[in-house]
Structures are given as structure tokens and as C-alpha cells.
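Undergrad: What follows is a single structure, and I will ask about it in a moment.
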Amino acid sequence: MDYDDALNRGLERSPDIEETGSRDEVPDASVRPEGNVTVYENFQATADRLGREPDHLLKFLQSELGTAAKIDEAGRARLTGSFKQSRVQAALEAYADAFVRCPECGLPDTRLVTENGATMLKCDACGALSALPDA
């Protein structure tokens, strides 16, 4: 089998990828008021899209927004207080900059790893290993 045949065979077997936007794009936060609480409806989907644990993301949002929060049984975040969508979105962007995007190449192909007892950001695209701010 020559190169062209192998390439065509590989392309035929690869799944079709439907492009829904940029890979490093932070999903829009869907928030709504509910009494004295702001409900972040698509919280679980956002954490999944960013590739991070929901608890880690929630801890950051609590710190960034200066509030208490919890994850309910439906996977929504319930933030104590009234927050506009733009404020929650700004906090998500700050999270992505600090804990998702590689500071060297800017790609979102990263994961959190523990090196010598410290949590670091490891980029699978360029191989960079970066220190993280306190979460």
C-alpha cells in the first residue's frame, strides 16, 4: 500500500467533525435570577467544554464573584446574589485565561497535573509546563 492509499483509507475511517466555533472559545453563560440566587443553567456543560472539574471551576467563580455557591443535583451552579450574565462571562474568561489556555502557545489543549506537590498547567500541544495562580 502506498502513501496516497493509506492517507485515503485513514481519511475514510476518520469521523466527520462538525465545527461549532473556535475550540478555545468559552461558552456563553446562561444565567437567570431566582429570588436572591443567580442560577447558572449550563454550568456542567461549560465545565465539560473547558475540560475541568466542576468543583475547581466553581471555587474560582466563588472567589472571582465574591459569593457563596453550590452545584445542585441538576448540575447547575447556584450563586448567592444577583449577577448579570456579563459579569459571570467575564469571570469565565478569566478562568479560561488562568487555567485552560496555554500561556506559551494560547491553545486550550491543556490539563492540570501535579508536579512535586504543586498543580501545574501542562500543554499537550507545545509541551509547556506552567505554574498556576492559586485557585
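Chain lettering (A, B, ...) mirrors the order of the C-alpha cells, residue numbering begins at 1 for each chain separately, and ligand numbering begins at 1 in order of display.
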Can you check which parts of segment 97-128 of chain A lie within 8 Å of segment 23-39 of chain A? Per residue, the shortest pair of atoms and distance in Å to one decimal, counting only C-alpha atoms, sorted by chain and number, as a tab-separated table.
TA:
```
residue	atom	partner	partner_atom	distance
A:Arg101	CA	A:Asp24	CA	7.5
A:Leu107	CA	A:Asp24	CA	6.7
A:Pro108	CA	A:Asp24	CA	5.5
```
Undergrad: Determine, counting only C-alpha atoms, which protein, DNA and RNA residues have an atom within 12 Å of an atom of Glu73 of chain A; residues of the same chain fewer than 6 positions away are not included. Present the result as a ChimeraX atom specification.
TA: /A:41,43-44
Undergrad: Could you find all residues in segment 33-129 of chain A that DSSP calls alpha helix (DSSP H) from the backbone, and write them as a ChimeraX atom specification?
TA: /A:43-50,54-65,85-99
Undergrad: Run DSSP on the backbone of this structure and report the residues of segment 12-74 of chain A it assigns to strand (DSSP E or B), as a list in words.
TA: Val31, Arg32, Pro33, Glu34, Val37, Thr38, Val39, Tyr40, Ala69, Lys70 and Ile71 of chain A
Undergrad: Write the selection just made, keeping N, CA and C atoms, as a PDB file, in the first residue's frame?
TA:
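Output (out_14.pdb):
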```
ATOM      1  N   VAL A  31     -27.465  32.440  32.511  1.00  0.00           N
ATOM      2  CA  VAL A  31     -27.815  32.704  33.904  1.00  0.00           C
ATOM      3  C   VAL A  31     -29.207  33.330  33.989  1.00  0.00           C
ATOM      4  N   ARG A  32     -29.859  33.080  35.122  1.00  0.00           N
ATOM      5  CA  ARG A  32     -31.175  33.672  35.372  1.00  0.00           C
ATOM      6  C   ARG A  32     -31.329  33.893  36.868  1.00  0.00           C
ATOM      7  N   PRO A  33     -32.041  34.950  37.241  1.00  0.00           N
ATOM      8  CA  PRO A  33     -32.284  35.187  38.662  1.00  0.00           C
ATOM      9  C   PRO A  33     -33.366  34.251  39.185  1.00  0.00           C
ATOM     10  N   GLU A  34     -33.209  33.865  40.431  1.00  0.00           N
ATOM     11  CA  GLU A  34     -34.217  33.050  41.110  1.00  0.00           C
ATOM     12  C   GLU A  34     -34.208  33.478  42.575  1.00  0.00           C
ATOM     13  N   VAL A  37     -30.853  34.332  44.423  1.00  0.00           N
ATOM     14  CA  VAL A  37     -29.829  33.458  43.870  1.00  0.00           C
ATOM     15  C   VAL A  37     -29.783  33.656  42.359  1.00  0.00           C
ATOM     16  N   THR A  38     -28.586  33.551  41.785  1.00  0.00           N
ATOM     17  CA  THR A  38     -28.445  33.526  40.334  1.00  0.00           C
ATOM     18  C   THR A  38     -28.138  32.087  39.943  1.00  0.00           C
ATOM     19  N   VAL A  39     -28.951  31.527  39.061  1.00  0.00           N
ATOM     20  CA  VAL A  39     -28.782  30.140  38.626  1.00  0.00           C
ATOM     21  C   VAL A  39     -28.019  30.133  37.304  1.00  0.00           C
ATOM     22  N   TYR A  40     -26.908  29.433  37.289  1.00  0.00           N
ATOM     23  CA  TYR A  40     -26.072  29.278  36.100  1.00  0.00           C
ATOM     24  C   TYR A  40     -26.498  27.956  35.467  1.00  0.00           C
ATOM     25  N   ALA A  69     -21.482  29.624  46.630  1.00  0.00           N
ATOM     26  CA  ALA A  69     -22.161  28.924  45.546  1.00  0.00           C
ATOM     27  C   ALA A  69     -22.155  27.433  45.819  1.00  0.00           C
ATOM     28  N   LYS A  70     -23.049  26.741  45.135  1.00  0.00           N
ATOM     29  CA  LYS A  70     -23.065  25.278  45.215  1.00  0.00           C
ATOM     30  C   LYS A  70     -23.588  24.742  43.896  1.00  0.00           C
ATOM     31  N   ILE A  71     -23.317  23.471  43.660  1.00  0.00           N
ATOM     32  CA  ILE A  71     -23.802  22.794  42.469  1.00  0.00           C
ATOM     33  C   ILE A  71     -25.008  21.968  42.884  1.00  0.00           C
TER      34      ILE A  71
END
```
Undergrad: Skipping near chain neighbours, those fewer than 6 positions away, what residues fall within 12 Å of Thr114 of chain A using only C-alpha atoms, listed as a list in words?
TA: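 Answer for this query is Met120, Leu121, Lys122, Leu129, Ser130, Ala131 and Leu132 of chain A.
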Undergrad: For the residues selected in the previous step, produce a file with N, CA and C atoms as a compact mmCIF listing (two decimals), in the first residue's frame.
TA:
```txt
# COMPACT_ATOMS: atom_id res chain seq x y z
N MET A 120 0.16 22.14 38.21
CA MET A 120 0.73 22.87 37.07
C MET A 120 -0.19 22.70 35.87
N LEU A 121 -0.04 23.58 34.90
CA LEU A 121 -0.78 23.51 33.64
C LEU A 121 0.15 22.90 32.60
N LYS A 122 -0.22 21.74 32.08
CA LYS A 122 0.59 21.02 31.09
C LYS A 122 -0.10 21.15 29.74
N LEU A 129 5.06 23.55 30.50
CA LEU A 129 4.61 23.26 31.86
C LEU A 129 4.65 24.59 32.60
N SER A 130 3.48 25.08 33.05
CA SER A 130 3.39 26.41 33.64
C SER A 130 2.81 26.35 35.03
N ALA A 131 3.32 27.24 35.88
CA ALA A 131 2.77 27.38 37.23
C ALA A 131 1.41 28.03 37.14
N LEU A 132 0.54 27.69 38.08
CA LEU A 132 -0.82 28.25 38.11
C LEU A 132 -0.98 29.22 39.25
```
Undergrad: Tell me which protein, DNA and RNA residues are within 12 Å of Asp48 of chain A, counting only C-alpha atoms, leaving out same-chain ones fewer than 5 positions away, and put them as a ChimeraX atom specification.
TA: /A:26-27,42-43,53-57,75,100
